>>> print(open('target_10.txt').read())   # compact mmCIF, C-alpha atoms (C1' of nucleotides)
# COMPACT_ATOMS: atom_id res chain seq x y z
CA MET A 847 29.86 -8.33 -41.12
CA ALA A 848 27.77 -9.37 -44.00
CA ARG A 849 24.25 -8.99 -45.21
CA PRO A 850 22.26 -12.05 -44.15
CA ARG A 851 20.35 -14.25 -46.52
CA ASN A 852 16.94 -13.00 -47.41
CA TYR A 853 15.43 -16.45 -47.90
CA ASP A 854 15.32 -19.95 -46.43
CA PRO A 855 17.51 -22.31 -48.48
CA GLU A 856 15.23 -25.27 -47.78
CA ASP A 857 12.22 -23.27 -48.87
CA LEU A 858 14.08 -22.26 -52.01
CA THR A 859 14.85 -25.90 -52.76
CA ASP A 860 11.25 -26.84 -52.14
CA ARG A 861 10.11 -24.31 -54.71
CA ALA A 862 12.65 -25.58 -57.23
CA LEU A 863 11.51 -29.11 -56.44
CA ALA A 864 7.89 -28.24 -57.12
CA THR A 865 8.83 -26.72 -60.45
CA PHE A 866 11.02 -29.61 -61.55
CA TRP A 867 8.34 -32.07 -60.48
CA GLN A 868 5.55 -30.35 -62.37
CA LEU A 869 7.41 -29.44 -65.54
CA GLY A 870 10.23 -31.96 -65.67
CA TYR A 871 13.91 -31.21 -65.97
CA ASP A 872 13.79 -30.40 -69.67
CA GLY A 873 10.35 -28.89 -69.48
CA CYS A 874 11.31 -26.04 -67.18
CA ALA A 875 13.65 -23.20 -67.99
CA ILE A 876 15.84 -21.33 -65.57
CA SER A 877 13.37 -18.48 -65.78
CA ASP A 878 10.62 -20.82 -64.53
CA LEU A 879 12.75 -21.90 -61.60
CA VAL A 880 13.80 -18.38 -60.77
CA MET A 881 10.22 -17.14 -60.93
CA ALA A 882 8.99 -20.01 -58.75
CA CYS A 883 11.74 -19.35 -56.26
CA GLY A 884 10.75 -15.69 -56.12
CA VAL A 885 14.35 -14.62 -56.13
CA ASN A 886 16.87 -13.04 -58.41
CA ARG A 887 18.55 -15.16 -61.05
CA GLN A 888 21.98 -14.38 -59.69
CA THR A 889 20.89 -15.50 -56.24
CA PHE A 890 19.59 -18.71 -57.75
CA TYR A 891 22.96 -19.42 -59.31
CA ASN A 892 24.77 -18.55 -56.11
CA GLN A 893 22.64 -21.06 -54.29
CA PHE A 894 22.66 -24.00 -56.71
CA GLY A 895 25.58 -23.42 -59.03
CA ASP A 896 23.72 -24.43 -62.15
CA LYS A 897 20.53 -26.10 -63.31
CA ARG A 898 21.89 -29.59 -62.71
CA GLY A 899 22.93 -28.58 -59.20
CA ALA A 900 19.44 -27.28 -58.54
CA PHE A 901 17.97 -30.54 -59.73
CA LEU A 902 20.30 -32.60 -57.55
CA ALA A 903 19.33 -30.43 -54.58
CA ALA A 904 15.67 -30.93 -55.45
CA LEU A 905 16.15 -34.70 -55.65
CA ALA A 906 17.84 -34.72 -52.26
CA ARG A 907 15.03 -32.66 -50.78
CA TYR A 908 12.47 -34.96 -52.35
CA ARG A 909 14.19 -37.95 -50.82
CA ALA A 910 14.06 -36.23 -47.45
CA HIS A 911 10.30 -35.80 -47.82
CA VAL A 912 9.99 -39.45 -48.81
CA THR A 913 11.99 -40.52 -45.80
CA GLU A 914 9.59 -38.63 -43.62
CA GLY A 915 6.66 -40.35 -45.29
CA LEU A 916 8.20 -43.75 -44.67
CA ARG A 917 7.37 -43.37 -41.00
CA LEU A 918 3.91 -44.52 -41.97
CA LEU A 919 5.48 -47.93 -42.47
CA GLU A 920 6.33 -48.49 -38.85
CA PRO A 921 5.06 -51.84 -37.59
CA PRO A 922 1.45 -51.41 -36.50
CA GLU A 923 0.01 -52.06 -33.09
CA PRO A 924 -1.95 -55.36 -32.86
CA PRO A 925 -5.45 -54.14 -33.66
CA ARG A 926 -4.01 -52.66 -36.85
CA THR A 927 -2.73 -55.04 -39.53
CA VAL A 928 0.20 -54.80 -41.89
CA ALA A 929 -2.24 -54.91 -44.78
CA GLU A 930 -3.99 -51.81 -43.50
CA VAL A 931 -0.69 -50.02 -43.09
CA LEU A 932 0.28 -50.85 -46.65
CA HIS A 933 -3.07 -49.76 -48.04
CA ASP A 934 -3.00 -46.45 -46.24
CA PHE A 935 0.62 -45.82 -47.14
CA ILE A 936 0.04 -46.35 -50.84
CA GLU A 937 -3.15 -44.33 -50.77
CA ALA A 938 -1.45 -41.47 -48.98
CA THR A 939 1.51 -41.61 -51.35
CA LEU A 940 -0.71 -41.46 -54.41
CA MET A 941 -2.59 -38.58 -52.86
CA VAL A 942 0.57 -36.57 -52.26
CA GLN A 943 1.81 -37.30 -55.76
CA THR A 944 -1.34 -35.87 -57.29
CA THR A 945 -1.75 -32.87 -55.02
CA ARG A 946 1.88 -31.75 -54.78
CA GLY A 947 3.12 -33.21 -58.04
CA PRO A 948 2.04 -34.43 -61.45
CA GLY A 949 0.73 -37.76 -60.20
CA ALA A 950 3.86 -39.85 -60.02
CA CYS A 951 7.01 -40.26 -57.98
CA LEU A 952 9.74 -37.82 -59.00
CA LEU A 953 12.32 -40.57 -58.79
CA VAL A 954 10.37 -42.79 -61.17
CA ILE A 955 9.73 -39.89 -63.52
CA THR A 956 13.45 -39.19 -63.52
CA ALA A 957 14.18 -42.87 -64.05
CA TYR A 958 12.24 -42.63 -67.31
CA THR A 959 14.60 -39.98 -68.54
CA PRO A 960 17.91 -39.92 -70.39
CA HIS A 961 19.33 -38.03 -67.43
CA MET A 962 19.79 -41.40 -65.79
CA ALA A 963 23.08 -41.44 -67.69
CA ASP A 964 24.28 -38.84 -65.19
CA PRO A 965 25.91 -40.82 -62.35
CA ASP A 966 24.83 -38.46 -59.60
CA ILE A 967 21.23 -38.36 -60.77
CA ARG A 968 21.22 -42.11 -61.21
CA SER A 969 22.51 -42.60 -57.68
CA ALA A 970 19.87 -40.34 -56.21
CA VAL A 971 17.14 -42.27 -58.02
CA THR A 972 18.32 -45.77 -57.27
CA GLU A 973 19.26 -45.02 -53.67
CA GLY A 974 15.92 -43.34 -53.06
CA ALA A 975 14.06 -46.30 -54.49
CA ALA A 976 16.22 -48.70 -52.51
CA GLN A 977 15.41 -46.80 -49.34
CA THR A 978 11.69 -47.19 -49.85
CA ARG A 979 12.07 -50.86 -50.70
CA ALA A 980 14.14 -51.36 -47.55
CA ALA A 981 11.42 -49.79 -45.43
CA LEU A 982 8.90 -52.12 -47.05
CA VAL A 983 11.16 -55.08 -46.35
CA ARG A 984 11.32 -54.16 -42.68
CA LEU A 985 7.57 -53.83 -42.41
CA VAL A 986 6.83 -57.02 -44.30
CA ALA A 987 9.50 -59.03 -42.52
CA GLY A 988 8.09 -57.88 -39.21
CA GLY A 989 4.62 -58.77 -40.41
CA ALA A 990 5.67 -62.26 -41.42
CA ARG A 991 5.08 -63.42 -37.87
CA SER A 992 1.60 -61.97 -37.98
CA GLY A 993 1.03 -64.13 -41.04
CA LEU A 994 1.55 -62.47 -44.40
CA SER A 995 1.95 -64.35 -47.65
CA GLY A 996 3.84 -67.33 -46.36
CA GLY A 997 6.36 -68.69 -48.80
CA THR A 998 7.59 -65.45 -50.33
CA SER A 999 10.67 -63.58 -49.16
CA ALA A 1000 10.33 -60.07 -47.78
CA GLN A 1001 12.60 -58.80 -50.57
CA VAL A 1002 10.25 -60.06 -53.22
CA LEU A 1003 7.19 -58.80 -51.41
CA ALA A 1004 8.79 -55.39 -51.15
CA ALA A 1005 9.52 -55.38 -54.87
CA TYR A 1006 5.92 -56.34 -55.49
CA ILE A 1007 4.51 -53.60 -53.32
CA TYR A 1008 6.87 -51.00 -54.74
CA SER A 1009 5.85 -52.05 -58.22
CA LEU A 1010 2.21 -51.94 -57.32
CA MET A 1011 2.44 -48.44 -55.94
CA ASN A 1012 4.21 -46.98 -58.96
CA GLY A 1013 2.09 -48.99 -61.33
CA LEU A 1014 -1.11 -47.58 -59.91
CA ALA A 1015 0.31 -44.12 -60.46
CA ALA A 1016 1.07 -45.01 -64.08
CA ASP A 1017 -2.43 -46.38 -64.49
CA ARG A 1018 -3.97 -43.16 -63.30
CA ARG A 1019 -1.63 -41.01 -65.32
CA THR A 1020 -2.45 -42.89 -68.52
CA GLY A 1021 -6.13 -42.14 -68.13
CA GLY A 1022 -7.29 -45.04 -66.02
CA ASP A 1023 -10.54 -44.62 -64.14
CA PRO A 1024 -9.63 -43.44 -60.61
CA ALA A 1025 -12.33 -45.64 -59.14
CA ASP A 1026 -10.81 -48.68 -60.81
CA THR A 1027 -7.36 -47.70 -59.62
CA ALA A 1028 -8.57 -47.41 -56.05
CA ALA A 1029 -10.39 -50.73 -56.31
CA ALA A 1030 -7.30 -52.34 -57.82
CA LEU A 1031 -5.32 -51.20 -54.80
CA ARG A 1032 -7.85 -52.70 -52.41
CA PHE A 1033 -7.88 -55.90 -54.44
CA ALA A 1034 -4.09 -56.14 -54.41
CA ILE A 1035 -3.91 -55.66 -50.67
CA LYS A 1036 -6.63 -58.24 -50.15
CA THR A 1037 -4.91 -60.89 -52.21
CA LEU A 1038 -1.59 -59.99 -50.64
CA CYS A 1039 -2.65 -61.66 -47.44
CA ALA A 1040 -5.06 -64.19 -48.92
CA ASP A 1041 -2.97 -67.08 -47.69
CA GLU A 1042 -2.78 -65.62 -44.24
CA ARG A 1043 -6.34 -66.58 -43.38
CA MET B 386 6.50 -39.22 -113.91
CA ALA B 387 8.25 -38.77 -110.61
CA ARG B 388 11.15 -40.17 -108.76
CA PRO B 389 9.90 -42.87 -106.40
CA ARG B 390 10.57 -42.92 -102.70
CA ASN B 391 13.90 -44.31 -101.72
CA TYR B 392 12.74 -45.66 -98.38
CA ASP B 393 9.91 -47.45 -96.66
CA PRO B 394 7.78 -44.98 -94.66
CA GLU B 395 6.99 -47.57 -92.00
CA ASP B 396 10.65 -48.39 -91.65
CA LEU B 397 11.40 -44.70 -91.34
CA THR B 398 8.81 -44.35 -88.62
CA ASP B 399 10.24 -47.38 -86.83
CA ARG B 400 13.65 -45.78 -86.79
CA ALA B 401 12.23 -42.52 -85.47
CA LEU B 402 10.30 -44.53 -82.90
CA ALA B 403 13.45 -46.28 -81.69
CA THR B 404 15.20 -42.95 -81.31
CA PHE B 405 12.34 -41.26 -79.45
CA TRP B 406 11.99 -44.29 -77.22
CA GLN B 407 15.66 -44.46 -76.29
CA LEU B 408 16.36 -40.75 -75.90
CA GLY B 409 12.96 -39.28 -75.13
CA TYR B 410 11.26 -36.45 -76.97
CA ASP B 411 13.38 -33.72 -75.43
CA GLY B 412 16.48 -35.86 -75.27
CA CYS B 413 16.81 -36.32 -79.02
CA ALA B 414 17.55 -33.63 -81.54
CA ILE B 415 16.40 -33.55 -85.12
CA SER B 416 19.92 -34.50 -86.09
CA ASP B 417 19.60 -37.68 -84.01
CA LEU B 418 16.36 -38.59 -85.71
CA VAL B 419 17.69 -37.80 -89.16
CA MET B 420 20.81 -39.83 -88.55
CA ALA B 421 18.85 -42.78 -87.19
CA CYS B 422 16.52 -42.63 -90.16
CA GLY B 423 19.48 -42.67 -92.50
CA VAL B 424 17.88 -40.06 -94.68
CA ASN B 425 18.27 -36.42 -95.53
CA ARG B 426 16.88 -33.83 -93.20
CA GLN B 427 14.68 -32.38 -95.90
CA THR B 428 13.24 -35.82 -96.58
CA PHE B 429 12.57 -36.21 -92.90
CA TYR B 430 10.60 -32.97 -92.83
CA ASN B 431 8.74 -33.89 -96.00
CA GLN B 432 7.70 -37.11 -94.35
CA PHE B 433 6.73 -35.93 -90.87
CA GLY B 434 6.18 -32.20 -91.14
CA ASP B 435 7.99 -31.39 -87.93
CA LYS B 436 9.36 -32.99 -84.79
CA ARG B 437 5.97 -33.21 -83.18
CA GLY B 438 4.56 -34.86 -86.29
CA ALA B 439 7.35 -37.41 -86.21
CA PHE B 440 6.59 -38.13 -82.58
CA LEU B 441 2.89 -38.58 -83.25
CA ALA B 442 3.73 -40.95 -86.10
CA ALA B 443 6.08 -42.84 -83.79
CA LEU B 444 3.35 -43.09 -81.15
CA ALA B 445 0.89 -44.44 -83.71
CA ARG B 446 3.43 -46.97 -84.91
CA TYR B 447 4.17 -47.98 -81.33
CA ARG B 448 0.49 -48.52 -80.73
CA ALA B 449 0.36 -50.72 -83.82
CA HIS B 450 3.15 -52.86 -82.41
CA VAL B 451 1.35 -53.05 -79.08
CA THR B 452 -1.86 -54.10 -80.80
CA GLU B 453 0.03 -56.92 -82.43
CA GLY B 454 1.44 -57.98 -79.06
CA LEU B 455 -2.05 -58.06 -77.57
CA ARG B 456 -2.76 -61.19 -79.57
CA LEU B 457 -0.93 -63.00 -76.80
CA LEU B 458 -3.98 -62.25 -74.68
CA GLU B 459 -6.37 -64.42 -76.65
CA PRO B 460 -8.28 -66.82 -74.40
CA PRO B 461 -6.15 -69.92 -73.86
CA GLU B 462 -7.06 -73.48 -74.75
CA PRO B 463 -8.11 -75.57 -71.72
CA PRO B 464 -4.77 -77.05 -70.72
CA ARG B 465 -3.40 -73.52 -70.59
CA THR B 466 -4.70 -71.19 -67.89
CA VAL B 467 -5.46 -67.49 -67.92
CA ALA B 468 -2.80 -67.05 -65.24
CA GLU B 469 -0.17 -68.55 -67.50
CA VAL B 470 -1.22 -66.29 -70.35
CA LEU B 471 -0.95 -63.23 -68.14
CA HIS B 472 2.44 -64.24 -66.79
CA ASP B 473 3.87 -64.87 -70.23
CA PHE B 474 2.36 -61.69 -71.63
CA ILE B 475 3.87 -59.51 -68.95
CA GLU B 476 7.21 -61.29 -69.15
CA ALA B 477 7.30 -60.90 -72.93
CA THR B 478 6.29 -57.25 -72.67
CA LEU B 479 9.04 -56.48 -70.18
CA MET B 480 11.52 -58.31 -72.38
CA VAL B 481 10.60 -56.26 -75.44
CA GLN B 482 10.75 -53.05 -73.43
CA THR B 483 14.32 -53.75 -72.34
CA THR B 484 15.63 -55.08 -75.65
CA ARG B 485 13.99 -52.66 -78.05
CA GLY B 486 13.56 -49.74 -75.68
CA PRO B 487 14.82 -48.23 -72.45
CA GLY B 488 12.92 -50.62 -70.20
CA ALA B 489 9.49 -49.08 -70.05
CA CYS B 490 6.40 -48.55 -72.17
CA LEU B 491 6.70 -45.52 -74.44
CA LEU B 492 3.17 -44.50 -73.58
CA VAL B 493 3.90 -44.49 -69.87
CA ILE B 494 7.18 -42.66 -70.40
CA THR B 495 5.29 -40.07 -72.38
CA ALA B 496 2.60 -39.91 -69.73
CA TYR B 497 5.31 -38.80 -67.30
CA THR B 498 6.08 -35.83 -69.46
CA PRO B 499 4.76 -32.27 -69.78
CA HIS B 500 3.93 -33.10 -73.40
CA MET B 501 0.73 -34.63 -72.05
CA ALA B 502 -0.59 -31.09 -72.29
CA ASP B 503 -0.64 -31.58 -76.06
CA PRO B 504 -4.12 -32.95 -76.84
CA ASP B 505 -2.99 -35.21 -79.69
CA ILE B 506 -0.19 -36.72 -77.65
CA ARG B 507 -2.47 -37.13 -74.70
CA SER B 508 -5.04 -38.93 -76.84
CA ALA B 509 -2.47 -41.30 -78.24
CA VAL B 510 -1.30 -42.17 -74.74
CA THR B 511 -4.67 -42.60 -73.09
CA GLU B 512 -6.22 -44.43 -76.03
CA GLY B 513 -3.24 -46.76 -76.27
CA ALA B 514 -3.45 -47.54 -72.57
CA ALA B 515 -7.21 -48.02 -72.81
CA GLN B 516 -6.73 -50.47 -75.64
CA THR B 517 -4.42 -52.64 -73.58
CA ARG B 518 -6.75 -52.46 -70.60
CA ALA B 519 -9.65 -53.47 -72.83
CA ALA B 520 -7.75 -56.52 -74.06
CA LEU B 521 -7.05 -57.46 -70.46
CA VAL B 522 -10.73 -57.04 -69.61
CA ARG B 523 -11.71 -59.41 -72.41
CA LEU B 524 -9.24 -62.03 -71.28
CA VAL B 525 -10.12 -61.77 -67.63
CA ALA B 526 -13.85 -61.67 -68.25
CA GLY B 527 -13.53 -64.78 -70.38
CA GLY B 528 -11.45 -66.41 -67.68
CA ALA B 529 -14.01 -65.64 -65.01
CA ARG B 530 -15.87 -68.80 -65.91
CA SER B 531 -12.65 -70.78 -65.50
CA GLY B 532 -12.50 -69.34 -62.00
CA LEU B 533 -10.35 -66.23 -61.55
CA SER B 534 -10.52 -64.01 -58.51
CA GLY B 535 -14.19 -64.24 -57.83
CA GLY B 536 -15.74 -61.07 -56.52
CA THR B 537 -13.72 -58.51 -58.45
CA SER B 538 -14.91 -56.95 -61.71
CA ALA B 539 -12.92 -57.50 -64.87
CA GLN B 540 -12.40 -53.73 -65.14
CA VAL B 541 -10.68 -53.62 -61.79
CA LEU B 542 -8.64 -56.72 -62.49
CA ALA B 543 -7.48 -55.20 -65.75
CA ALA B 544 -6.45 -52.01 -63.97
CA TYR B 545 -4.58 -54.12 -61.46
CA ILE B 546 -2.74 -56.13 -64.11
CA TYR B 547 -1.94 -53.04 -66.15
CA SER B 548 -0.58 -51.38 -63.03
CA LEU B 549 1.43 -54.43 -62.14
CA MET B 550 3.05 -54.61 -65.55
CA ASN B 551 4.11 -50.98 -65.61
CA GLY B 552 5.08 -51.05 -61.97
CA LEU B 553 7.46 -53.94 -62.50
CA ALA B 554 9.09 -51.93 -65.28
CA ALA B 555 9.46 -48.99 -62.91
CA ASP B 556 10.93 -51.27 -60.27
CA ARG B 557 13.58 -52.53 -62.64
CA ARG B 558 14.34 -49.10 -64.00
CA THR B 559 14.90 -47.68 -60.51
CA GLY B 560 17.56 -50.26 -59.79
CA GLY B 561 15.51 -53.11 -58.41
CA ASP B 562 17.07 -56.57 -58.45
CA PRO B 563 15.86 -58.28 -61.66
CA ALA B 564 15.51 -61.57 -59.82
CA ASP B 565 13.21 -59.92 -57.29
CA THR B 566 11.20 -58.30 -60.06
CA ALA B 567 10.71 -61.64 -61.79
CA ALA B 568 9.77 -63.28 -58.51
CA ALA B 569 7.35 -60.47 -57.74
CA LEU B 570 5.64 -61.12 -61.06
CA ARG B 571 5.28 -64.82 -60.28
CA PHE B 572 3.99 -63.98 -56.83
CA ALA B 573 1.44 -61.54 -58.20
CA ILE B 574 0.13 -64.03 -60.72
CA LYS B 575 -0.06 -66.70 -58.05
CA THR B 576 -2.07 -64.58 -55.66
CA LEU B 577 -4.21 -63.34 -58.54
CA CYS B 578 -5.96 -66.71 -58.71
CA ALA B 579 -5.49 -67.71 -55.09
CA ASP B 580 -9.24 -67.76 -54.54
CA GLU B 581 -9.79 -69.82 -57.65
CA ARG B 582 -8.77 -73.11 -56.00
C1' DA C 1167 14.97 -35.74 -124.44
C1' DT C 1168 11.77 -33.45 -121.28
C1' DG C 1169 9.02 -32.28 -117.43
C1' DG C 1170 7.84 -33.23 -112.97
C1' DT C 1171 9.04 -35.17 -108.68
C1' DT C 1172 11.99 -36.67 -105.09
C1' DC C 1173 16.59 -37.07 -102.97
C1' DT C 1174 20.90 -34.77 -101.10
C1' DG C 1175 24.13 -31.53 -99.10
C1' DG C 1176 24.88 -27.42 -97.05
C1' DA C 1177 24.12 -22.88 -95.64
C1' DC C 1178 21.14 -20.04 -93.19
C1' DT C 1179 17.58 -17.81 -90.00
C1' DC C 1180 15.37 -17.36 -85.84
C1' DA C 1181 14.26 -18.35 -81.22
C1' DT C 1182 15.40 -20.22 -76.84
C1' DC C 1183 18.12 -21.34 -73.13
C1' DG C 1184 21.92 -21.70 -69.87
C1' DT C 1185 25.23 -18.90 -68.07
C1' DT C 1186 28.09 -14.84 -67.03
C1' DC C 1187 29.00 -10.02 -66.24
C1' DC C 1188 28.27 -5.55 -64.34
C1' DA C 1189 26.77 -1.71 -61.78
C1' DT C 1190 23.94 -0.58 -57.94
C1' DA C 1191 21.31 -0.88 -53.68
C1' DA C 1192 20.64 -3.07 -49.16
C1' DT C 1193 22.12 -4.82 -44.76
C1' DT C 1194 25.14 -6.33 -41.27
C1' DG C 1195 29.59 -6.21 -37.88
C1' DG C 1196 33.60 -3.69 -36.52
C1' DC D 53 31.48 5.48 -41.25
C1' DC D 54 33.58 1.48 -43.44
C1' DA D 55 34.20 -2.90 -45.13
C1' DA D 56 32.23 -7.02 -46.43
C1' DT D 57 28.68 -9.72 -48.12
C1' DT D 58 24.41 -10.34 -50.42
C1' DA D 59 20.42 -9.00 -53.30
C1' DT D 60 18.68 -6.89 -57.61
C1' DG D 61 17.86 -5.64 -62.39
C1' DG D 62 19.29 -5.78 -66.86
C1' DA D 63 22.32 -6.55 -70.55
C1' DA D 64 25.04 -9.65 -73.03
C1' DC D 65 27.39 -14.00 -74.69
C1' DG D 66 27.76 -18.51 -76.58
C1' DA D 67 25.68 -22.64 -77.77
C1' DT D 68 22.16 -25.44 -79.33
C1' DG D 69 18.31 -26.66 -81.80
C1' DA D 70 14.06 -26.39 -84.78
C1' DG D 71 12.86 -25.25 -89.10
C1' DT D 72 13.65 -23.11 -93.96
C1' DC D 73 15.84 -22.22 -98.30
C1' DC D 74 18.41 -23.25 -102.31
C1' DA D 75 20.90 -25.51 -106.01
C1' DG D 76 22.05 -29.57 -107.97
C1' DA D 77 21.63 -34.57 -108.80
C1' DA D 78 18.77 -38.80 -109.40
C1' DC D 79 14.82 -40.96 -111.17
C1' DC D 80 10.52 -41.99 -113.59
C1' DA D 81 6.71 -41.58 -117.33
C1' DT D 82 5.44 -39.68 -121.51
>>> encode(input="target_10.txt", output="structure tokens")
Amino acid sequence: MARPRNYDPEDLTDRALATFWQLGYDGCAISDLVMACGVNRQTFYNQFGDKRGAFLAALARYRAHVTEGLRLLEPPEPPRTVAEVLHDFIEATLMVQTTRGPGACLLVITAYTPHMADPDIRSAVTEGAAQTRAALVRLVAGGARSGLSGGTSAQVLAAYIYSLMNGLAADRRTGGDPADTAAALRFAIKTLCADER
Amino acid sequence: MARPRNYDPEDLTDRALATFWQLGYDGCAISDLVMACGVNRQTFYNQFGDKRGAFLAALARYRAHVTEGLRLLEPPEPPRTVAEVLHDFIEATLMVQTTRGPGACLLVITAYTPHMADPDIRSAVTEGAAQTRAALVRLVAGGARSGLSGGTSAQVLAAYIYSLMNGLAADRRTGGDPADTAAALRFAIKTLCADER
DNA sequence: ATGGTTCTGGACTCATCGTTCCATAATTGG
DNA sequence: CCAATTATGGAACGATGAGTCCAGAACCAT
């Protein structure tokens, strides 16, 4: 006995996410979010509570998208190597970040923000990053048998790859030549399994 | 026939820089800057014009500090290798970023900000990054003779190293284990000259 | 001493932004 | 039809923050 919702909550969160990602938390006003969501301001507040709540929802949604993307890191079938998987994963990630966002991971962008003082935001960022690193650990540990950078632990390799990925984004965003960035990625992947031979 | 300045302009800019770096452009209010500068608000405005002017001055000062740090990248004397220079440079840079700042390069932090739409800010960021990349190119190109990652151009190697450095900062800032980050750096440097032999 | 300049403290304006309130229209189940 | 819930538009509030203004004190050179 009630009027049903006129919108899809996930779609609403996606629109808020896109706005936060493009403009940043401080860079976007409620009016920007409301306009992007294509809904009334009151409805926006009913859905998210307040701006911080909307941002937390956006972070959660972003993490869900990331989780989906991590399926690219499943151990490859024999003809396909771990190195190829890593290369394609990073390339695809960078592509998504530039087409759907401002060219960097939302979690990293948020990590470079004073809002990290907020415990909930901090948790979302660190847990999201940890999740990606864990997926990298699984892939790399599985690939150890197929010969990948012998003496280094999977943990460290994951940290390296995670750093590489976000560093390439930073390189591009600070005006680096895209061709160089792409070549740097190929170089990194090549050296990654240099001692595999 | 005038009262002399009561402060050192460079010191003032350093204090503003520290505040912008720690709190971010949007995260700090004029009152924060004025307090950190230990000077009257009017004096602050006389010196910098407005908040944006203060930020541009801070960026310029930051770049000056970076330029000084780039002296670590001078070609090493024979017993010392290019790899060692790179390792120590990145380690020192990360150390400074965590002790004097929030754990990341101010230019990269700014690059992850909607203020990149401001042409002057954008120039400061991209030119600063280009300067560091150029210093890396010089070092790596000089080290090519001493055998460093054969078939890859110095440009690409510089992009790789620049990415690595900023990526490691991102890794730490998103909750990565510091020990893993340090190990990842050592690993990266090791593989960097794997084909030198 | 005097004039010109800079510092200091505080009050003040103006705009923006997050948030709330309200009155009204729409849409469902009973 | 009625009751309940939700959407909508607009007005309004309170807070914060950037930037300005002003009057007085400090300081220097002539």
>>> closest_atom_pairs(input="target_10.txt", of="chain D", to="chain B", cutoff="9 Å", atoms="only C-alpha atoms (C1' of nucleotides)", output="tab-separated table")
residue	atom	partner	partner_atom	distance
D:DG69	C1'	B:Ala414	CA	7.0
D:DA70	C1'	B:Ile415	CA	7.5
D:DG71	C1'	B:Asp435	CA	7.9
D:DA78	C1'	B:Arg388	CA	7.8
D:DC79	C1'	B:Arg388	CA	4.5
D:DC80	C1'	B:Met386	CA	4.9
D:DA81	C1'	B:Met386	CA	4.2
D:DT82	C1'	B:Met386	CA	7.7
>>> atom_distance(input="target_10.txt", atom1="CA of Ala526 in chain B", atom2="CA of Thr1020 in chain A")
22.0 Å
>>> interface_residues(input="target_10.txt", of="chain C", to="chain B", cutoff="12 Å", atoms="all atoms listed in the file", output="list in words")
DT1168, DG1169, DG1170, DT1171, DT1172, DC1173, DT1174, DG1175 and DG1176 of chain C
>>> interface_residues(input="target_10.txt", of="chain A", to="chain B", cutoff="7 Å", atoms="all atoms listed in the file", output="VMD selection string")
chain A and resid 869 to 870 872 to 873 954 to 955 957 to 960 971 to 972 975 1001 to 1003 1005 to 1006 1008 to 1010 1012 to 1014 1016 to 1017 1019 to 1021 1026 to 1027 1029 to 1030 1037 to 1038
>>> atom_distance(input="target_10.txt", atom1="CA of Arg946 in chain A", atom2="CA of Arg909 in chain A")
14.3 Å
>>> atom_distance(input="target_10.txt", atom1="CA of Arg400 in chain B", atom2="CA of Ala421 in chain B")
6.0 Å
>>> closest_residue(input="target_10.txt", among="B:Ala468, B:Arg456, B:Phe440, B:Gly527", to="Ala403 in chain B", atoms="all atoms listed in the file")
B:Phe440
>>> residues_around(input="target_10.txt", residues="DA67 in chain D", least_positions_apart="3", cutoff="12 Å", atoms="all atoms listed in the file", output="PyMOL selection string")
chain C and resi 1182-1185
>>> residues_near_point(input="target_10.txt", point="(2.6, -33.6, -78.6)", cutoff="7 Å", atoms="only C-alpha atoms (C1' of nucleotides)", output="list in words")
Arg437, Leu441, His500, Met501, Asp503, Pro504, Asp505 and Ile506 of chain B
>>> closest_residue(input="target_10.txt", among="C:DA1192, C:DC1178, C:DA1167, C:DC1187", to="DA64 in chain D", atoms="only C-alpha atoms (C1' of nucleotides)")
C:DC1187
>>> decode(input="target_10.txt", residues="range 56-74 of chain D", atoms="C-alpha atoms (C1' of nucleotides)", output="mmCIF file, in the first residue's frame")
data_model
loop_
_atom_site.group_PDB
_atom_site.id
_atom_site.type_symbol
_atom_site.label_atom_id
_atom_site.label_comp_id
_atom_site.auth_asym_id
_atom_site.auth_seq_id
_atom_site.Cartn_x
_atom_site.Cartn_y
_atom_site.Cartn_z
ATOM 1 C "C1'" DA D 56 0.022 4.981 3.266
ATOM 2 C "C1'" DT D 57 4.173 5.805 1.070
ATOM 3 C "C1'" DT D 58 6.988 8.171 -2.161
ATOM 4 C "C1'" DA D 59 8.225 11.849 -5.457
ATOM 5 C "C1'" DT D 60 8.566 16.843 -6.478
ATOM 6 C "C1'" DG D 61 9.508 21.757 -6.302
ATOM 7 C "C1'" DG D 62 10.802 25.489 -3.768
ATOM 8 C "C1'" DA D 63 11.809 28.040 0.219
ATOM 9 C "C1'" DA D 64 14.510 28.556 4.175
ATOM 10 C "C1'" DC D 65 18.105 27.840 7.882
ATOM 11 C "C1'" DG D 66 22.588 27.532 9.839
ATOM 12 C "C1'" DA D 67 27.304 27.093 9.241
ATOM 13 C "C1'" DT D 68 31.486 27.763 7.058
ATOM 14 C "C1'" DG D 69 34.740 29.958 4.416
ATOM 15 C "C1'" DA D 70 37.023 33.303 1.167
ATOM 16 C "C1'" DG D 71 38.028 37.813 0.898
ATOM 17 C "C1'" DT D 72 37.699 42.964 2.377
ATOM 18 C "C1'" DC D 73 37.793 46.924 5.324
ATOM 19 C "C1'" DC D 74 39.302 49.712 9.032
#
